[in-house]
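Visitor: Sharing entry.cif, mmCIF, C-alpha atoms:
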data_target
loop_
_atom_site.group_PDB
_atom_site.id
_atom_site.type_symbol
_atom_site.label_atom_id
_atom_site.label_comp_id
_atom_site.auth_asym_id
_atom_site.auth_seq_id
_atom_site.Cartn_x
_atom_site.Cartn_y
_atom_site.Cartn_z
ATOM 1 C CA MET A 1 -10.154 15.841 -7.691
ATOM 2 C CA ARG A 2 -11.157 13.298 -5.063
ATOM 3 C CA ARG A 3 -14.645 14.810 -4.794
ATOM 4 C CA PHE A 4 -14.994 14.701 -8.569
ATOM 5 C CA ALA A 5 -13.965 11.039 -8.583
ATOM 6 C CA ILE A 6 -16.577 10.214 -5.928
ATOM 7 C CA ILE A 7 -19.322 12.013 -7.850
ATOM 8 C CA ALA A 8 -18.273 10.352 -11.105
ATOM 9 C CA GLY A 9 -18.302 6.955 -9.417
ATOM 10 C CA ALA A 10 -21.796 7.524 -8.024
ATOM 11 C CA LEU A 11 -23.097 8.620 -11.433
ATOM 12 C CA ALA A 12 -21.532 5.564 -13.046
ATOM 13 C CA ALA A 13 -23.254 3.341 -10.494
ATOM 14 C CA VAL A 14 -26.619 4.948 -11.225
ATOM 15 C CA VAL A 15 -26.128 4.554 -14.984
ATOM 16 C CA ALA A 16 -25.157 0.907 -14.539
ATOM 17 C CA LEU A 17 -28.188 0.236 -12.340
ATOM 18 C CA VAL A 18 -30.565 1.903 -14.794
ATOM 19 C CA ALA A 19 -29.062 -0.056 -17.689
ATOM 20 C CA PHE A 20 -29.393 -3.273 -15.723
ATOM 21 C CA ALA A 21 -33.025 -2.442 -14.909
ATOM 22 C CA ALA A 22 -33.789 -1.897 -18.582
ATOM 23 C CA TRP A 23 -32.158 -5.229 -19.403
ATOM 24 C CA LYS A 24 -34.222 -7.026 -16.735
ATOM 25 C CA LEU A 25 -37.458 -5.625 -18.105
ATOM 26 C CA ARG A 26 -36.688 -6.146 -21.768
ATOM 27 C CA ASP A 27 -39.188 -9.013 -22.051
ATOM 28 C CA ARG A 28 -41.870 -7.305 -19.940
ATOM 29 C CA PRO A 29 -42.981 -4.205 -21.842
ATOM 30 C CA GLU A 30 -46.073 -3.892 -19.653
ATOM 31 C CA ASP A 31 -43.778 -2.673 -16.873
ATOM 32 C CA LEU A 32 -42.325 0.135 -18.936
ATOM 33 C CA ALA A 33 -44.338 3.308 -18.619
ATOM 34 C CA LYS A 34 -45.029 5.970 -21.172
ATOM 35 C CA ARG A 35 -44.048 8.741 -18.802
ATOM 36 C CA ALA A 36 -40.492 9.328 -17.623
ATOM 37 C CA PRO A 37 -39.523 7.750 -14.293
ATOM 38 C CA ALA A 38 -39.342 10.004 -11.271
ATOM 39 C CA THR A 39 -35.975 11.273 -10.161
ATOM 40 C CA GLU A 40 -36.828 12.517 -6.680
ATOM 41 C CA THR A 41 -35.856 10.594 -3.575
ATOM 42 C CA THR A 42 -38.033 10.099 -0.531
ATOM 43 C CA GLU A 43 -37.532 12.814 2.040
ATOM 44 C CA GLN A 44 -38.710 10.984 5.135
ATOM 45 C CA LYS A 45 -37.242 11.746 8.541
ATOM 46 C CA SER A 46 -36.371 8.708 10.612
ATOM 47 C CA GLY A 47 -37.852 10.368 13.665
ATOM 48 C CA GLY A 48 -41.267 10.965 12.083
ATOM 49 C CA LYS A 49 -44.512 9.373 13.197
ATOM 50 C CA ILE A 50 -44.560 6.857 10.365
ATOM 51 C CA ALA A 51 -40.997 5.741 11.045
ATOM 52 C CA GLU A 52 -41.885 5.199 14.724
ATOM 53 C CA ARG A 53 -45.041 3.166 14.113
ATOM 54 C CA VAL A 54 -44.338 -0.547 14.589
ATOM 55 C CA GLY A 55 -46.146 -3.157 12.521
ATOM 56 C CA GLU A 56 -46.084 -5.643 15.411
ATOM 57 C CA ASN A 57 -49.632 -4.905 16.544
ATOM 58 C CA THR A 58 -51.137 -3.590 13.323
ATOM 59 C CA ALA A 59 -51.789 -6.840 11.496
ATOM 60 C CA PRO A 60 -53.592 -10.114 12.188
ATOM 61 C CA THR A 61 -52.095 -13.329 13.462
ATOM 62 C CA PRO A 62 -50.693 -15.474 10.629
ATOM 63 C CA ALA A 63 -53.286 -17.743 9.090
ATOM 64 C CA PRO A 64 -52.772 -21.359 10.268
ATOM 65 C CA ALA A 65 -52.120 -24.150 7.845
ATOM 66 C CA PRO A 66 -55.380 -25.887 6.937
ATOM 67 C CA SER A 67 -56.176 -29.160 8.627
ATOM 68 C CA GLY A 68 -58.144 -32.024 7.173
ATOM 69 C CA SER A 69 -58.154 -35.675 6.329
ATOM 70 C CA GLN A 70 -56.183 -35.340 3.113
ATOM 71 C CA THR A 71 -52.892 -37.170 2.967
ATOM 72 C CA PRO A 72 -49.650 -35.209 2.406
ATOM 73 C CA GLN A 73 -49.414 -36.730 -1.061
ATOM 74 C CA THR A 74 -52.770 -35.368 -2.193
ATOM 75 C CA ALA A 75 -53.208 -32.229 -0.063
ATOM 76 C CA PRO A 76 -52.892 -29.006 -2.072
ATOM 77 C CA THR A 77 -50.170 -26.559 -1.121
ATOM 78 C CA VAL A 78 -51.869 -23.633 0.606
ATOM 79 C CA PRO A 79 -49.670 -20.555 1.132
ATOM 80 C CA ILE A 80 -49.457 -19.203 4.668
ATOM 81 C CA ALA A 81 -50.128 -15.491 5.030
ATOM 82 C CA TYR A 82 -48.181 -13.406 7.518
ATOM 83 C CA ARG A 83 -48.642 -9.883 8.839
ATOM 84 C CA ALA A 84 -48.305 -6.776 6.711
ATOM 85 C CA ALA A 85 -49.561 -3.201 6.859
ATOM 86 C CA VAL A 86 -49.459 0.162 5.136
ATOM 87 C CA LEU A 87 -48.912 3.227 7.312
ATOM 88 C CA LEU A 88 -50.128 6.430 5.669
ATOM 89 C CA GLN A 89 -49.568 10.021 6.711
ATOM 90 C CA ALA A 90 -52.949 11.289 7.974
ATOM 91 C CA PRO A 91 -52.897 14.489 10.059
ATOM 92 C CA SER A 92 -56.534 14.009 11.113
ATOM 93 C CA GLU A 93 -55.822 10.607 12.680
ATOM 94 C CA PRO A 94 -54.512 10.079 16.242
ATOM 95 C CA GLY A 95 -50.743 10.141 16.008
ATOM 96 C CA GLY A 96 -50.939 11.484 12.472
ATOM 97 C CA VAL A 97 -50.895 8.008 10.934
ATOM 98 C CA LYS A 98 -53.619 5.822 9.393
ATOM 99 C CA THR A 99 -52.857 2.090 9.474
ATOM 100 C CA TYR A 100 -54.241 -0.364 6.921
ATOM 101 C CA VAL A 101 -53.838 -4.049 7.767
ATOM 102 C CA GLY A 102 -52.928 -6.681 5.182
ATOM 103 C CA THR A 103 -51.007 -9.899 4.606
ATOM 104 C CA VAL A 104 -47.854 -11.131 2.918
ATOM 105 C CA VAL A 105 -47.178 -14.496 1.286
ATOM 106 C CA TRP A 106 -43.632 -15.725 0.603
ATOM 107 C CA ARG A 107 -42.557 -18.163 -2.057
ATOM 108 C CA ARG A 108 -39.530 -19.374 -3.929
ATOM 109 C CA ASP A 109 -39.479 -18.843 -7.684
ATOM 110 C CA SER A 110 -37.124 -19.639 -10.540
ATOM 111 C CA VAL A 111 -36.268 -17.393 -13.465
ATOM 112 C CA ASN A 112 -34.746 -18.191 -16.838
ATOM 113 C CA ARG A 113 -31.726 -15.958 -17.345
ATOM 114 C CA GLY A 114 -31.248 -16.760 -21.005
ATOM 115 C CA PRO A 115 -30.369 -19.455 -23.554
ATOM 116 C CA ASN A 116 -28.054 -22.211 -22.346
ATOM 117 C CA GLN A 117 -28.220 -20.981 -18.739
ATOM 118 C CA GLN A 118 -29.651 -22.841 -15.806
ATOM 119 C CA LEU A 119 -32.627 -21.532 -13.878
ATOM 120 C CA ALA A 120 -31.825 -19.071 -11.090
ATOM 121 C CA SER A 121 -33.643 -19.002 -7.744
ATOM 122 C CA VAL A 122 -35.621 -15.918 -6.745
ATOM 123 C CA ILE A 123 -37.198 -14.963 -3.406
ATOM 124 C CA ARG A 124 -40.648 -13.389 -3.771
ATOM 125 C CA ALA A 125 -42.967 -11.654 -1.315
ATOM 126 C CA ASP A 126 -46.512 -10.681 -2.328
ATOM 127 C CA VAL A 127 -48.210 -8.111 -0.083
ATOM 128 C CA ASP A 128 -51.961 -7.461 -0.230
ATOM 129 C CA VAL A 129 -53.583 -4.619 1.706
ATOM 130 C CA PRO A 130 -57.228 -4.587 0.485
ATOM 131 C CA ASP A 131 -58.459 -1.659 2.614
ATOM 132 C CA ALA A 132 -55.717 0.541 1.169
ATOM 133 C CA GLY A 133 -56.317 -0.739 -2.362
ATOM 134 C CA LEU A 134 -52.666 -1.716 -2.742
ATOM 135 C CA LYS A 135 -50.695 -4.783 -3.744
ATOM 136 C CA VAL A 136 -46.904 -4.900 -3.572
ATOM 137 C CA SER A 137 -44.484 -7.508 -4.872
ATOM 138 C CA MET A 138 -40.820 -7.706 -3.965
ATOM 139 C CA THR A 139 -38.306 -10.078 -5.522
ATOM 140 C CA ILE A 140 -34.742 -10.653 -4.356
ATOM 141 C CA GLU A 141 -32.213 -12.007 -6.843
ATOM 142 C CA LYS A 142 -28.532 -12.784 -6.859
ATOM 143 C CA ASN A 143 -26.690 -10.553 -9.317
ATOM 144 C CA TYR A 144 -24.481 -12.319 -11.854
ATOM 145 C CA GLU A 145 -23.934 -9.332 -14.156
ATOM 146 C CA ALA A 146 -20.293 -8.278 -13.943
ATOM 147 C CA ALA A 147 -21.092 -4.776 -15.191
ATOM 148 C CA LEU A 148 -23.257 -4.073 -12.136
ATOM 149 C CA SER A 149 -21.418 -3.588 -8.860
ATOM 150 C CA ALA A 150 -24.146 -5.168 -6.768
ATOM 151 C CA SER A 151 -24.292 -8.450 -4.899
ATOM 152 C CA HIS A 152 -28.095 -8.717 -5.063
ATOM 153 C CA THR A 153 -31.008 -6.809 -6.545
ATOM 154 C CA LEU A 154 -34.488 -6.129 -5.205
ATOM 155 C CA THR A 155 -37.307 -5.357 -7.618
ATOM 156 C CA ILE A 156 -40.292 -3.693 -5.964
ATOM 157 C CA ARG A 157 -43.591 -3.208 -7.812
ATOM 158 C CA PHE A 158 -46.625 -1.353 -6.496
ATOM 159 C CA ASP A 159 -50.074 -2.089 -7.922
ATOM 160 C CA PRO A 160 -52.581 0.471 -6.616
ATOM 161 C CA ALA A 161 -56.265 -0.107 -7.356
ATOM 162 C CA PRO A 162 -58.168 2.664 -9.186
ATOM 163 C CA ASN A 163 -59.767 3.763 -5.895
ATOM 164 C CA SER A 164 -56.646 3.263 -3.792
ATOM 165 C CA VAL A 165 -56.044 5.681 -0.921
ATOM 166 C CA ILE A 166 -52.348 5.267 -1.653
ATOM 167 C CA GLY A 167 -52.334 5.999 -5.360
ATOM 168 C CA ASP A 168 -49.122 6.057 -7.349
ATOM 169 C CA VAL A 169 -45.785 5.717 -5.598
ATOM 170 C CA LYS A 170 -43.395 8.422 -6.767
ATOM 171 C CA ALA A 171 -40.233 7.286 -4.995
ATOM 172 C CA ILE A 172 -38.968 4.911 -2.319
ATOM 173 C CA ASN A 173 -36.040 4.743 0.026
ATOM 174 C CA VAL A 174 -33.778 1.704 0.179
ATOM 175 C CA PRO A 175 -35.701 -0.930 2.179
ATOM 176 C CA GLU A 176 -35.010 -1.224 5.887
ATOM 177 C CA MET A 177 -34.768 -4.302 8.088
ATOM 178 C CA ARG A 178 -36.277 -4.307 11.572
ATOM 179 C CA ARG A 179 -36.660 -6.572 14.574
ATOM 180 C CA ASP A 180 -40.146 -7.521 15.713
ATOM 181 C CA ASP A 181 -39.995 -5.313 18.805
ATOM 182 C CA ALA A 182 -38.032 -2.396 17.320
ATOM 183 C CA PRO A 183 -39.665 0.990 16.596
ATOM 184 C CA ARG A 184 -37.355 1.685 13.649
ATOM 185 C CA GLY A 185 -35.399 -0.300 11.094
ATOM 186 C CA ALA A 186 -31.923 0.075 9.643
ATOM 187 C CA PRO A 187 -31.575 0.592 5.885
ATOM 188 C CA LEU A 188 -29.831 -1.948 3.710
ATOM 189 C CA GLN A 189 -26.693 -0.622 2.046
ATOM 190 C CA GLY A 190 -27.507 0.020 -1.580
ATOM 191 C CA MET A 191 -28.865 2.346 -4.235
ATOM 192 C CA GLN A 192 -32.360 2.571 -5.698
ATOM 193 C CA VAL A 193 -33.509 3.827 -9.084
ATOM 194 C CA ASP A 194 -36.987 4.469 -10.440
ATOM 195 C CA ILE A 195 -37.354 2.393 -13.595
ATOM 196 C CA ALA A 196 -41.057 2.876 -14.367
ATOM 197 C CA PRO A 197 -44.148 4.263 -12.649
ATOM 198 C CA ASN A 198 -44.607 2.244 -9.444
ATOM 199 C CA VAL A 199 -41.587 0.035 -10.266
ATOM 200 C CA PHE A 200 -38.235 0.385 -8.516
ATOM 201 C CA LEU A 201 -34.928 -1.464 -8.562
ATOM 202 C CA VAL A 202 -32.526 -1.565 -5.621
ATOM 203 C CA GLY A 203 -28.941 -2.721 -6.057
ATOM 204 C CA LEU A 204 -27.231 -3.841 -2.850
ATOM 205 C CA TYR A 205 -23.581 -2.825 -2.696
ATOM 206 C CA SER A 206 -21.090 -5.647 -3.190
ATOM 207 C CA THR A 207 -18.812 -3.958 -0.659
ATOM 208 C CA SER A 208 -21.535 -4.349 2.001
ATOM 209 C CA GLU A 209 -22.651 -7.844 1.034
ATOM 210 C CA ALA A 210 -21.874 -9.510 4.373
ATOM 211 C CA LYS A 211 -23.759 -6.858 6.370
ATOM 212 C CA ASN A 212 -26.749 -6.816 4.018
ATOM 213 C CA VAL A 213 -27.066 -10.600 3.946
ATOM 214 C CA ASP A 214 -26.821 -10.758 7.733
ATOM 215 C CA MET A 215 -29.618 -8.184 8.087
ATOM 216 C CA ILE A 216 -31.897 -9.905 5.564
ATOM 217 C CA ARG A 217 -31.369 -13.317 7.119
ATOM 218 C CA ASN A 218 -31.586 -12.374 10.792
ATOM 219 C CA LEU A 219 -33.965 -9.422 11.108
ATOM 220 C CA THR A 220 -37.672 -10.141 10.927
ATOM 221 C CA TRP A 221 -39.474 -7.263 9.158
ATOM 222 C CA PHE A 222 -39.058 -5.425 5.857
ATOM 223 C CA ASP A 223 -39.978 -1.718 5.848
ATOM 224 C CA ILE A 224 -40.201 0.244 2.587
ATOM 225 C CA PRO A 225 -40.565 4.032 3.051
ATOM 226 C CA MET A 226 -42.520 5.637 0.204
ATOM 227 C CA SER A 227 -43.140 9.098 -1.225
ATOM 228 C CA LEU A 228 -46.539 9.232 -2.918
ATOM 229 C CA ALA A 229 -47.706 11.179 -5.947
ATOM 230 C CA SER A 230 -50.258 12.833 -3.638
ATOM 231 C CA GLY A 231 -47.424 14.465 -1.705
ATOM 232 C CA LYS A 232 -47.939 12.295 1.383
ATOM 233 C CA ILE A 233 -45.439 9.848 2.832
ATOM 234 C CA ALA A 234 -46.179 6.248 3.724
ATOM 235 C CA LYS A 235 -44.542 2.965 4.580
ATOM 236 C CA VAL A 236 -45.322 -0.641 3.743
ATOM 237 C CA THR A 237 -44.140 -3.101 6.367
ATOM 238 C CA PHE A 238 -44.286 -6.897 6.283
ATOM 239 C CA GLU A 239 -42.826 -9.750 8.269
ATOM 240 C CA LYS A 240 -40.827 -12.756 7.126
ATOM 241 C CA GLY A 241 -42.541 -15.246 9.410
ATOM 242 C CA ALA A 242 -41.429 -18.859 9.634
ATOM 243 C CA ILE A 243 -41.977 -19.599 5.928
ATOM 244 C CA GLY A 244 -40.280 -16.427 4.692
ATOM 245 C CA THR A 245 -37.319 -17.031 6.981
ATOM 246 C CA GLN A 246 -36.947 -20.604 5.736
ATOM 247 C CA ILE A 247 -37.194 -19.577 2.071
ATOM 248 C CA ILE A 248 -34.666 -16.770 2.503
ATOM 249 C CA ASN A 249 -32.190 -19.016 4.318
ATOM 250 C CA ASP A 250 -32.557 -21.849 1.797
ATOM 251 C CA VAL A 251 -32.118 -19.596 -1.240
ATOM 252 C CA PHE A 252 -29.179 -17.683 0.205
ATOM 253 C CA ASN A 253 -27.532 -21.015 1.047
ATOM 254 C CA ASP A 254 -28.056 -22.135 -2.553
ATOM 255 C CA TRP A 255 -26.619 -18.861 -3.888
ATOM 256 C CA GLN A 256 -23.453 -19.485 -1.896
ATOM 257 C CA SER A 257 -22.977 -22.808 -3.660
ATOM 258 C CA PRO A 258 -20.564 -22.712 -6.649
ATOM 259 C CA ALA A 259 -23.088 -24.786 -8.602
ATOM 260 C CA ALA A 260 -25.572 -21.909 -8.418
ATOM 261 C CA ALA A 261 -23.526 -19.627 -10.670
ATOM 262 C CA PRO A 262 -24.964 -19.565 -14.234
ATOM 263 C CA GLN A 263 -22.945 -20.793 -17.172
ATOM 264 C CA GLN A 264 -20.986 -18.161 -19.034
#
Can you give me the file's structure in the form of structure tokens?

Guide:
Amino acid sequence: MRRFAIIAGALAAVVALVAFAAWKLRDRPEDLAKRAPATETTEQKSGGKIAERVGENTAPTPAPAPSGSQTPQTAPTVPIAYRAAVLLQAPSEPGGVKTYVGTVVWRRDSVNRGPNQQLASVIRADVDVPDAGLKVSMTIEKNYEAALSASHTLTIRFDPAPNSVIGDVKAINVPEMRRDDAPRGAPLQGMQVDIAPNVFLVGLYSTSEAKNVDMIRNLTWFDIPMSLASGKIAKVTFEKGAIGTQIINDVFNDWQSPAAAPQQ
């Protein structure tokens, strides 16, 4: 009976997460695909070559803020790009991995959650890896839906170019957090569902909120293991940098404020 209860609880969580994903995308039909979402999970071993490859030396130094004679009042806001990379399974390459270097830009967004509700803050990371023909966006939001047993949600969207060496992403694992000098990351505690081709939603468990928030705030790299439609495995890795760290800390501080909760 206990095993049945555990299985039933897990199925209920999946159903709730899928329903929440559909609700989030209700005003964005372009994200809903004609084909059914994949149901497989990524079968990547933590001891594999891709899991061991560190992004520390695979991407360029962050682009410096532009200098000039413009005053702070008139100078345009130029986003600072930090390091990112895609690591692709490639048996013919040394170490069995091909690394494609890219960048990530962090910003703070606001979303309208509905009539008569205040705007809600969102953390957004936009990854661009031109040589791999892949763009990735990740948003982190505070969950205010009582029906979903999640403290926060992560929406991850992959945008492969027509000639991308990556192609479509069939499944992902729950994102991992990693220190700058660590060969492997530790996964956040949560559950992911495939909600459309190349679009995934991750719900972070409310019961693990303190641990998840601590990892997101204090570890420096995001790693997202991927299973590709080609049958290969890959990983996208990107750093928070100074700007990403500041945005994450500011938004999480705001979420902890009672004033941040939307009106009912």

Visitor: If we count only C-alpha atoms and set the cut-off at 6 Å, which residues sit around Gly185 of chain A, ignoring sequence neighbours fewer than 2 positions away in its own chain? Please answer as a list in words.

Guide: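 Here the answer would be Glu176, Met177 and Arg178 of chain A.
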
Visitor: To one decimal place, how far is atom CA of Val122 of chain A from atom CA of Arg108 of chain A in Å?

Guide: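 These two atoms are separated by 5.9 Å.
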
Visitor: Would you mind reading off the distance between atom CA of Asp250 of chain A and atom CA of Asp181 of chain A, one decimal, in Å?

Guide: 24.9 Å

Visitor: For the PyMOL selection byres ((chain A and resi 189) around 6), applied here, can you spell out every residue it catches as a list in words?

Guide: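 Given this file, the PyMOL selection byres ((chain A and resi 189) around 6) evaluates to Leu188, Gly190 and Leu204 of chain A.
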
Visitor: Taking into account all atoms listed in the file, which residue in the set A:Tyr144, A:Trp221, A:Tyr100, A:Tyr82 is nearest to Ser164 of chain A?

Guide: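 For Ser164 of chain A, the nearest of the given residues is A:Tyr100.
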
Visitor: The PyMOL selection byres ((chain A and resi 165) around 10) on the file shown: which residues, as a ChimeraX atom specification?

Guide: /A:88,131-134,160-164,166-168,230

Visitor: Taking only C-alpha atoms into account, name the residue in A:Asn143, A:Thr245, A:Thr153, A:Ser137 that is nearest to Val199 of chain A.

Guide: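 When distances to Val199 of chain A are compared using only C-alpha atoms, the smallest one comes from A:Ser137.
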
Visitor: With all atoms listed in the file as the atoms that count, which of A:Asn173, A:Ala196, A:Val86, A:Arg124 lies nearest to Lys98 of chain A?

Guide: A:Val86

Visitor: To one decimal in Å, tell me the separation between atom CA of Ala150 of chain A and atom CA of Phe222 of chain A.

Guide: 19.5 Å
